Amino acid sequence: MRKRQLGTLLAVVAVGLAACQSGGSSAGPSASGGGGGSASDCTIAVSWNNFQQPRWAAADQPNIKKVVEDAGAKYIDADANLSNEQQATDIDTMISKGAKVLIVLAQDTKAVLPSIAKAKAAGVPVIAYDRL
């Protein structure tokens, strides 16, 4: 089970890094392979719904951060602490801080939709991430 969780995490981060290197377009990498950015220009942001979940702090956050930083990208995150309003604010703040990819563990999927729409309008790919 542990290998499956780590594999899923790595896949999520790989998608995020690929989105950065493709210039942040939601269409994905171009057929020619000539993406618009590099990992060093990339900020990947994670919006945690409740970072107090033992698995998030013990495994997911450190592994995501390590993979992102090892690739040369910047990692930022925020904990909504079970608050829909805080999560919406966190997402908006991360977009304004230059997030090129957003990974969201939504507290309430309907409550974050306006913030997700803002991310999409800004050309920021969003990866929905939840419990396995």
# chains A, B, ... in the order shown; residues from 1 in each chain; ligands from 1
>>> residues_around(residues="segment 77-85 of chain A", least_positions_apart="6", cutoff="8 Å", atoms="only C-alpha atoms", output="JSON, numbers by chain")
{"A": [45, 46, 47, 48, 49, 50, 51, 52, 94, 107, 108, 111, 112]}
>>> write_last_selection(atoms="N, CA and C atoms", output="CSV table (one decimal), in the first residue's frame")
chain,number,residue,atom,x,y,z
A,45,ALA,N,2.1,25.0,-6.1
A,45,ALA,CA,1.4,25.3,-4.8
A,45,ALA,C,0.5,24.2,-4.5
A,46,VAL,N,0.4,23.9,-3.2
A,46,VAL,CA,-0.5,22.9,-2.7
A,46,VAL,C,-1.4,23.5,-1.6
A,47,SER,N,-2.7,23.3,-1.8
A,47,SER,CA,-3.7,23.8,-0.9
A,47,SER,C,-4.2,22.6,-0.1
A,48,TRP,N,-3.8,22.5,1.2
A,48,TRP,CA,-4.2,21.4,2.0
A,48,TRP,C,-5.5,21.8,2.7
A,49,ASN,N,-6.5,20.9,2.7
A,49,ASN,CA,-7.7,21.2,3.4
A,49,ASN,C,-7.5,21.1,4.9
A,50,ASN,N,-6.7,20.2,5.4
A,50,ASN,CA,-6.5,20.0,6.8
A,50,ASN,C,-5.1,19.3,7.0
A,51,PHE,N,-4.1,20.0,7.2
A,51,PHE,CA,-2.8,19.5,7.3
A,51,PHE,C,-2.5,18.6,8.5
A,52,GLN,N,-3.5,18.6,9.4
A,52,GLN,CA,-3.3,17.8,10.6
A,52,GLN,C,-3.5,16.3,10.4
A,94,MET,N,-2.0,32.0,-3.4
A,94,MET,CA,-1.0,31.3,-4.1
A,94,MET,C,-0.9,31.7,-5.6
A,107,GLN,N,-11.5,21.0,0.8
A,107,GLN,CA,-12.3,20.8,1.9
A,107,GLN,C,-13.7,20.5,1.5
A,108,ASP,N,-14.2,21.4,0.5
A,108,ASP,CA,-15.5,21.2,0.0
A,108,ASP,C,-15.4,21.6,-1.5
A,111,ALA,N,-17.3,24.6,-2.7
A,111,ALA,CA,-16.9,25.9,-2.1
A,111,ALA,C,-15.6,26.5,-2.8
A,112,VAL,N,-14.7,25.6,-3.3
A,112,VAL,CA,-13.5,26.1,-3.9
A,112,VAL,C,-13.7,26.4,-5.4
>>> atom_distance(atom1="atom CA of Ala121 of chain A", atom2="atom CA of Val67 of chain A")
26.9 Å
>>> closest_residue(among="A:Trp56, A:Gln86, A:Glu69, A:Pro114", to="Tyr129 of chain A", atoms="only C-alpha atoms")
A:Trp56
>>> atom_distance(atom1="atom CA of Thr89 of chain A", atom2="atom CA of Ser40 of chain A")
25.7 Å
>>> closest_residue(among="A:Lys110, A:Lys74, A:Leu102, A:Asp60", to="Pro125 of chain A", atoms="only C-alpha atoms")
A:Leu102
>>> atom_distance(atom1="atom CA of Ala119 of chain A", atom2="atom CA of Pro54 of chain A")
28.1 Å
>>> closest_residue(among="A:Val68, A:Ala117, A:Cys42, A:Ala58", to="Val101 of chain A", atoms="only C-alpha atoms")
A:Cys42
>>> closest_residue(among="A:Ile127, A:Ala99, A:Ile64, A:Ala57", to="Ile44 of chain A", atoms="only C-alpha atoms")
A:Ala99
>>> select_by_dssp(residues="segment 38-132 of chain A", states="strand (DSSP E or B)", output="list in words")
Thr43, Ile44, Ala45, Val46, Ser47, Trp48, Lys74, Tyr75, Ile76, Asp77, Ala78, Asp79, Val101, Leu102, Ile103, Val104, Val126, Ile127 and Ala128 of chain A
>>> write_last_selection(atoms="N, CA and C atoms", output="short mmCIF file (atom, residue, chain, number, x, y, z; two decimals), in the first residue's frame")
data_model
loop_
_atom_site.label_atom_id
_atom_site.label_comp_id
_atom_site.auth_asym_id
_atom_site.auth_seq_id
_atom_site.Cartn_x
_atom_site.Cartn_y
_atom_site.Cartn_z
N THR A 43 6.60 27.47 -9.92
CA THR A 43 6.17 27.38 -8.54
C THR A 43 4.97 26.45 -8.50
N ILE A 44 5.09 25.39 -7.73
CA ILE A 44 3.97 24.46 -7.54
C ILE A 44 3.41 24.70 -6.16
N ALA A 45 2.10 24.96 -6.10
CA ALA A 45 1.43 25.28 -4.84
C ALA A 45 0.47 24.16 -4.46
N VAL A 46 0.44 23.86 -3.17
CA VAL A 46 -0.48 22.85 -2.65
C VAL A 46 -1.39 23.51 -1.62
N SER A 47 -2.69 23.35 -1.83
CA SER A 47 -3.68 23.83 -0.88
C SER A 47 -4.21 22.64 -0.11
N TRP A 48 -3.79 22.53 1.16
CA TRP A 48 -4.21 21.44 2.02
C TRP A 48 -5.53 21.81 2.69
N LYS A 74 10.01 25.61 -7.32
CA LYS A 74 9.71 26.16 -6.00
C LYS A 74 8.42 25.54 -5.49
N TYR A 75 8.38 25.24 -4.20
CA TYR A 75 7.21 24.64 -3.55
C TYR A 75 6.64 25.64 -2.55
N ILE A 76 5.33 25.86 -2.61
CA ILE A 76 4.64 26.63 -1.58
C ILE A 76 3.37 25.87 -1.21
N ASP A 77 2.92 26.06 0.02
CA ASP A 77 1.68 25.41 0.42
C ASP A 77 0.96 26.24 1.47
N ALA A 78 -0.29 25.86 1.73
CA ALA A 78 -1.09 26.52 2.75
C ALA A 78 -2.08 25.52 3.31
N ASP A 79 -2.37 25.65 4.59
CA ASP A 79 -3.31 24.78 5.28
C ASP A 79 -4.58 25.56 5.59
N VAL A 101 1.29 25.91 -11.10
CA VAL A 101 0.48 24.70 -11.00
C VAL A 101 -0.09 24.67 -9.58
N LEU A 102 -1.34 24.26 -9.47
CA LEU A 102 -2.01 24.20 -8.18
C LEU A 102 -2.51 22.79 -7.92
N ILE A 103 -2.10 22.23 -6.79
CA ILE A 103 -2.59 20.93 -6.34
C ILE A 103 -3.54 21.22 -5.18
N VAL A 104 -4.78 20.75 -5.29
CA VAL A 104 -5.79 21.09 -4.29
C VAL A 104 -6.37 19.85 -3.64
N VAL A 126 -4.86 22.97 -12.61
CA VAL A 126 -5.26 22.54 -11.27
C VAL A 126 -5.32 21.02 -11.24
N ILE A 127 -4.69 20.44 -10.24
CA ILE A 127 -4.72 18.99 -10.04
C ILE A 127 -5.52 18.74 -8.76
N ALA A 128 -6.62 18.02 -8.89
CA ALA A 128 -7.39 17.64 -7.71
C ALA A 128 -6.72 16.43 -7.08
#
>>> closest_residue(among="A:Ala59, A:Ala88, A:Ala73, A:Cys20", to="Thr109 of chain A", atoms="only C-alpha atoms")
A:Ala88
>>> select_by_dssp(residues="segment 74-117 of chain A", states="helix (DSSP H, G or I)", output="number ranges by chain")
A: 84-96, 113-117
>>> write_last_selection(atoms="N, CA, C and O atoms", output="compact mmCIF listing (two decimals), in the first residue's frame")
# COMPACT_ATOMS: atom_id res chain seq x y z
N ASN A 84 -13.57 26.39 4.56
CA ASN A 84 -13.81 26.64 3.13
C ASN A 84 -13.35 28.03 2.73
O ASN A 84 -12.72 28.21 1.68
N GLU A 85 -13.65 29.01 3.57
CA GLU A 85 -13.27 30.39 3.25
C GLU A 85 -11.76 30.56 3.23
O GLU A 85 -11.22 31.23 2.36
N GLN A 86 -11.09 29.94 4.19
CA GLN A 86 -9.63 30.03 4.24
C GLN A 86 -9.01 29.37 3.02
O GLN A 86 -8.05 29.87 2.45
N GLN A 87 -9.55 28.24 2.61
CA GLN A 87 -9.00 27.55 1.45
C GLN A 87 -9.15 28.41 0.19
O GLN A 87 -8.22 28.51 -0.60
N ALA A 88 -10.30 29.05 0.03
CA ALA A 88 -10.49 29.93 -1.13
C ALA A 88 -9.48 31.07 -1.10
O ALA A 88 -8.86 31.40 -2.12
N THR A 89 -9.28 31.66 0.07
CA THR A 89 -8.30 32.73 0.22
C THR A 89 -6.89 32.22 -0.07
O THR A 89 -6.10 32.89 -0.76
N ASP A 90 -6.56 31.04 0.45
CA ASP A 90 -5.24 30.45 0.21
C ASP A 90 -4.98 30.26 -1.28
O ASP A 90 -3.89 30.58 -1.78
N ILE A 91 -5.95 29.73 -1.99
CA ILE A 91 -5.79 29.49 -3.43
C ILE A 91 -5.57 30.80 -4.15
O ILE A 91 -4.66 30.92 -4.98
N ASP A 92 -6.39 31.80 -3.85
CA ASP A 92 -6.22 33.12 -4.49
C ASP A 92 -4.84 33.70 -4.19
O ASP A 92 -4.19 34.26 -5.08
N THR A 93 -4.38 33.54 -2.96
CA THR A 93 -3.06 34.06 -2.56
C THR A 93 -1.94 33.35 -3.31
O THR A 93 -0.99 33.98 -3.79
N MET A 94 -2.05 32.04 -3.43
CA MET A 94 -1.00 31.29 -4.13
C MET A 94 -0.94 31.67 -5.61
O MET A 94 0.14 31.75 -6.18
N ILE A 95 -2.09 31.92 -6.22
CA ILE A 95 -2.10 32.38 -7.61
C ILE A 95 -1.40 33.73 -7.70
O ILE A 95 -0.57 33.96 -8.59
N SER A 96 -1.70 34.63 -6.76
CA SER A 96 -1.06 35.95 -6.79
C SER A 96 0.43 35.88 -6.50
O SER A 96 1.18 36.77 -6.90
N LEU A 113 -14.84 26.06 -6.00
CA LEU A 113 -15.02 26.26 -7.44
C LEU A 113 -14.72 27.68 -7.92
O LEU A 113 -14.07 27.83 -8.96
N PRO A 114 -15.16 28.75 -7.22
CA PRO A 114 -14.80 30.09 -7.71
C PRO A 114 -13.29 30.32 -7.75
O PRO A 114 -12.78 30.94 -8.70
N SER A 115 -12.57 29.80 -6.78
CA SER A 115 -11.11 29.96 -6.78
C SER A 115 -10.47 29.12 -7.88
O SER A 115 -9.50 29.55 -8.51
N ILE A 116 -11.00 27.94 -8.11
CA ILE A 116 -10.51 27.10 -9.20
C ILE A 116 -10.74 27.79 -10.54
O ILE A 116 -9.87 27.77 -11.42
N ALA A 117 -11.90 28.43 -10.68
CA ALA A 117 -12.20 29.18 -11.91
C ALA A 117 -11.19 30.31 -12.10
O ALA A 117 -10.75 30.58 -13.23
>>> decode(residues="segment 66-94 of chain A", atoms="N, CA, C and O atoms", output="PDB file, in the first residue's frame")
ATOM      1  N   LYS A  66       9.975  17.459  -1.722  1.00  0.00           N
ATOM      2  CA  LYS A  66      11.280  16.955  -2.153  1.00  0.00           C
ATOM      3  C   LYS A  66      11.332  16.788  -3.673  1.00  0.00           C
ATOM      4  O   LYS A  66      12.295  17.216  -4.314  1.00  0.00           O
ATOM      5  N   VAL A  67      10.323  16.178  -4.248  1.00  0.00           N
ATOM      6  CA  VAL A  67      10.321  15.951  -5.695  1.00  0.00           C
ATOM      7  C   VAL A  67      10.307  17.285  -6.440  1.00  0.00           C
ATOM      8  O   VAL A  67      11.048  17.478  -7.407  1.00  0.00           O
ATOM      9  N   VAL A  68       9.491  18.219  -5.978  1.00  0.00           N
ATOM     10  CA  VAL A  68       9.417  19.536  -6.624  1.00  0.00           C
ATOM     11  C   VAL A  68      10.760  20.247  -6.534  1.00  0.00           C
ATOM     12  O   VAL A  68      11.288  20.742  -7.541  1.00  0.00           O
ATOM     13  N   GLU A  69      11.320  20.307  -5.348  1.00  0.00           N
ATOM     14  CA  GLU A  69      12.592  21.024  -5.170  1.00  0.00           C
ATOM     15  C   GLU A  69      13.753  20.311  -5.847  1.00  0.00           C
ATOM     16  O   GLU A  69      14.651  20.967  -6.380  1.00  0.00           O
ATOM     17  N   ASP A  70      13.756  18.980  -5.854  1.00  0.00           N
ATOM     18  CA  ASP A  70      14.806  18.235  -6.551  1.00  0.00           C
ATOM     19  C   ASP A  70      14.768  18.513  -8.057  1.00  0.00           C
ATOM     20  O   ASP A  70      15.799  18.430  -8.725  1.00  0.00           O
ATOM     21  N   ALA A  71      13.601  18.835  -8.575  1.00  0.00           N
ATOM     22  CA  ALA A  71      13.472  19.160  -9.997  1.00  0.00           C
ATOM     23  C   ALA A  71      13.849  20.612 -10.276  1.00  0.00           C
ATOM     24  O   ALA A  71      13.853  21.041 -11.426  1.00  0.00           O
ATOM     25  N   GLY A  72      14.143  21.373  -9.225  1.00  0.00           N
ATOM     26  CA  GLY A  72      14.543  22.764  -9.397  1.00  0.00           C
ATOM     27  C   GLY A  72      13.399  23.746  -9.339  1.00  0.00           C
ATOM     28  O   GLY A  72      13.582  24.937  -9.574  1.00  0.00           O
ATOM     29  N   ALA A  73      12.216  23.276  -9.013  1.00  0.00           N
ATOM     30  CA  ALA A  73      11.045  24.159  -8.925  1.00  0.00           C
ATOM     31  C   ALA A  73      10.883  24.650  -7.489  1.00  0.00           C
ATOM     32  O   ALA A  73      11.533  24.163  -6.561  1.00  0.00           O
ATOM     33  N   LYS A  74      10.005  25.608  -7.319  1.00  0.00           N
ATOM     34  CA  LYS A  74       9.714  26.161  -6.002  1.00  0.00           C
ATOM     35  C   LYS A  74       8.417  25.544  -5.486  1.00  0.00           C
ATOM     36  O   LYS A  74       7.457  25.375  -6.231  1.00  0.00           O
ATOM     37  N   TYR A  75       8.379  25.238  -4.195  1.00  0.00           N
ATOM     38  CA  TYR A  75       7.212  24.645  -3.548  1.00  0.00           C
ATOM     39  C   TYR A  75       6.637  25.638  -2.545  1.00  0.00           C
ATOM     40  O   TYR A  75       7.378  26.205  -1.739  1.00  0.00           O
ATOM     41  N   ILE A  76       5.329  25.864  -2.610  1.00  0.00           N
ATOM     42  CA  ILE A  76       4.637  26.632  -1.581  1.00  0.00           C
ATOM     43  C   ILE A  76       3.372  25.873  -1.210  1.00  0.00           C
ATOM     44  O   ILE A  76       2.832  25.113  -2.017  1.00  0.00           O
ATOM     45  N   ASP A  77       2.920  26.060   0.019  1.00  0.00           N
ATOM     46  CA  ASP A  77       1.678  25.415   0.418  1.00  0.00           C
ATOM     47  C   ASP A  77       0.960  26.241   1.475  1.00  0.00           C
ATOM     48  O   ASP A  77       1.519  27.197   2.012  1.00  0.00           O
ATOM     49  N   ALA A  78      -0.286  25.858   1.730  1.00  0.00           N
ATOM     50  CA  ALA A  78      -1.089  26.524   2.753  1.00  0.00           C
ATOM     51  C   ALA A  78      -2.082  25.515   3.311  1.00  0.00           C
ATOM     52  O   ALA A  78      -2.568  24.647   2.590  1.00  0.00           O
ATOM     53  N   ASP A  79      -2.371  25.648   4.587  1.00  0.00           N
ATOM     54  CA  ASP A  79      -3.311  24.775   5.285  1.00  0.00           C
ATOM     55  C   ASP A  79      -4.584  25.557   5.587  1.00  0.00           C
ATOM     56  O   ASP A  79      -4.549  26.560   6.300  1.00  0.00           O
ATOM     57  N   ALA A  80      -5.709  25.096   5.061  1.00  0.00           N
ATOM     58  CA  ALA A  80      -6.992  25.771   5.277  1.00  0.00           C
ATOM     59  C   ALA A  80      -7.587  25.445   6.646  1.00  0.00           C
ATOM     60  O   ALA A  80      -8.547  26.090   7.064  1.00  0.00           O
ATOM     61  N   ASN A  81      -7.042  24.455   7.335  1.00  0.00           N
ATOM     62  CA  ASN A  81      -7.512  24.089   8.668  1.00  0.00           C
ATOM     63  C   ASN A  81      -9.031  23.891   8.709  1.00  0.00           C
ATOM     64  O   ASN A  81      -9.721  24.433   9.555  1.00  0.00           O
ATOM     65  N   LEU A  82      -9.538  23.139   7.728  1.00  0.00           N
ATOM     66  CA  LEU A  82     -10.948  22.762   7.616  1.00  0.00           C
ATOM     67  C   LEU A  82     -11.892  23.924   7.296  1.00  0.00           C
ATOM     68  O   LEU A  82     -13.099  23.788   7.419  1.00  0.00           O
ATOM     69  N   SER A  83     -11.367  25.047   6.855  1.00  0.00           N
ATOM     70  CA  SER A  83     -12.196  26.215   6.553  1.00  0.00           C
ATOM     71  C   SER A  83     -12.329  26.412   5.042  1.00  0.00           C
ATOM     72  O   SER A  83     -11.329  26.619   4.345  1.00  0.00           O
ATOM     73  N   ASN A  84     -13.571  26.389   4.558  1.00  0.00           N
ATOM     74  CA  ASN A  84     -13.813  26.637   3.131  1.00  0.00           C
ATOM     75  C   ASN A  84     -13.348  28.031   2.731  1.00  0.00           C
ATOM     76  O   ASN A  84     -12.722  28.206   1.679  1.00  0.00           O
ATOM     77  N   GLU A  85     -13.650  29.011   3.565  1.00  0.00           N
ATOM     78  CA  GLU A  85     -13.274  30.393   3.254  1.00  0.00           C
ATOM     79  C   GLU A  85     -11.764  30.559   3.231  1.00  0.00           C
ATOM     80  O   GLU A  85     -11.222  31.229   2.357  1.00  0.00           O
ATOM     81  N   GLN A  86     -11.091  29.939   4.194  1.00  0.00           N
ATOM     82  CA  GLN A  86      -9.627  30.034   4.236  1.00  0.00           C
ATOM     83  C   GLN A  86      -9.005  29.368   3.024  1.00  0.00           C
ATOM     84  O   GLN A  86      -8.047  29.869   2.446  1.00  0.00           O
ATOM     85  N   GLN A  87      -9.554  28.236   2.609  1.00  0.00           N
ATOM     86  CA  GLN A  87      -8.998  27.551   1.451  1.00  0.00           C
ATOM     87  C   GLN A  87      -9.148  28.406   0.193  1.00  0.00           C
ATOM     88  O   GLN A  87      -8.219  28.510  -0.601  1.00  0.00           O
ATOM     89  N   ALA A  88     -10.297  29.045   0.029  1.00  0.00           N
ATOM     90  CA  ALA A  88     -10.490  29.926  -1.131  1.00  0.00           C
ATOM     91  C   ALA A  88      -9.477  31.071  -1.101  1.00  0.00           C
ATOM     92  O   ALA A  88      -8.863  31.401  -2.124  1.00  0.00           O
ATOM     93  N   THR A  89      -9.284  31.655   0.067  1.00  0.00           N
ATOM     94  CA  THR A  89      -8.296  32.733   0.220  1.00  0.00           C
ATOM     95  C   THR A  89      -6.886  32.219  -0.075  1.00  0.00           C
ATOM     96  O   THR A  89      -6.102  32.886  -0.758  1.00  0.00           O
ATOM     97  N   ASP A  90      -6.561  31.040   0.445  1.00  0.00           N
ATOM     98  CA  ASP A  90      -5.237  30.452   0.214  1.00  0.00           C
ATOM     99  C   ASP A  90      -4.975  30.260  -1.277  1.00  0.00           C
ATOM    100  O   ASP A  90      -3.887  30.583  -1.776  1.00  0.00           O
ATOM    101  N   ILE A  91      -5.955  29.729  -1.986  1.00  0.00           N
ATOM    102  CA  ILE A  91      -5.791  29.488  -3.429  1.00  0.00           C
ATOM    103  C   ILE A  91      -5.571  30.804  -4.155  1.00  0.00           C
ATOM    104  O   ILE A  91      -4.660  30.920  -4.982  1.00  0.00           O
ATOM    105  N   ASP A  92      -6.386  31.802  -3.851  1.00  0.00           N
ATOM    106  CA  ASP A  92      -6.220  33.116  -4.488  1.00  0.00           C
ATOM    107  C   ASP A  92      -4.836  33.698  -4.190  1.00  0.00           C
ATOM    108  O   ASP A  92      -4.187  34.262  -5.078  1.00  0.00           O
ATOM    109  N   THR A  93      -4.378  33.544  -2.956  1.00  0.00           N
ATOM    110  CA  THR A  93      -3.061  34.062  -2.564  1.00  0.00           C
ATOM    111  C   THR A  93      -1.944  33.348  -3.311  1.00  0.00           C
ATOM    112  O   THR A  93      -0.994  33.982  -3.788  1.00  0.00           O
ATOM    113  N   MET A  94      -2.048  32.038  -3.433  1.00  0.00           N
ATOM    114  CA  MET A  94      -0.998  31.288  -4.132  1.00  0.00           C
ATOM    115  C   MET A  94      -0.941  31.666  -5.609  1.00  0.00           C
ATOM    116  O   MET A  94       0.141  31.754  -6.184  1.00  0.00           O
TER     117      MET A  94
END
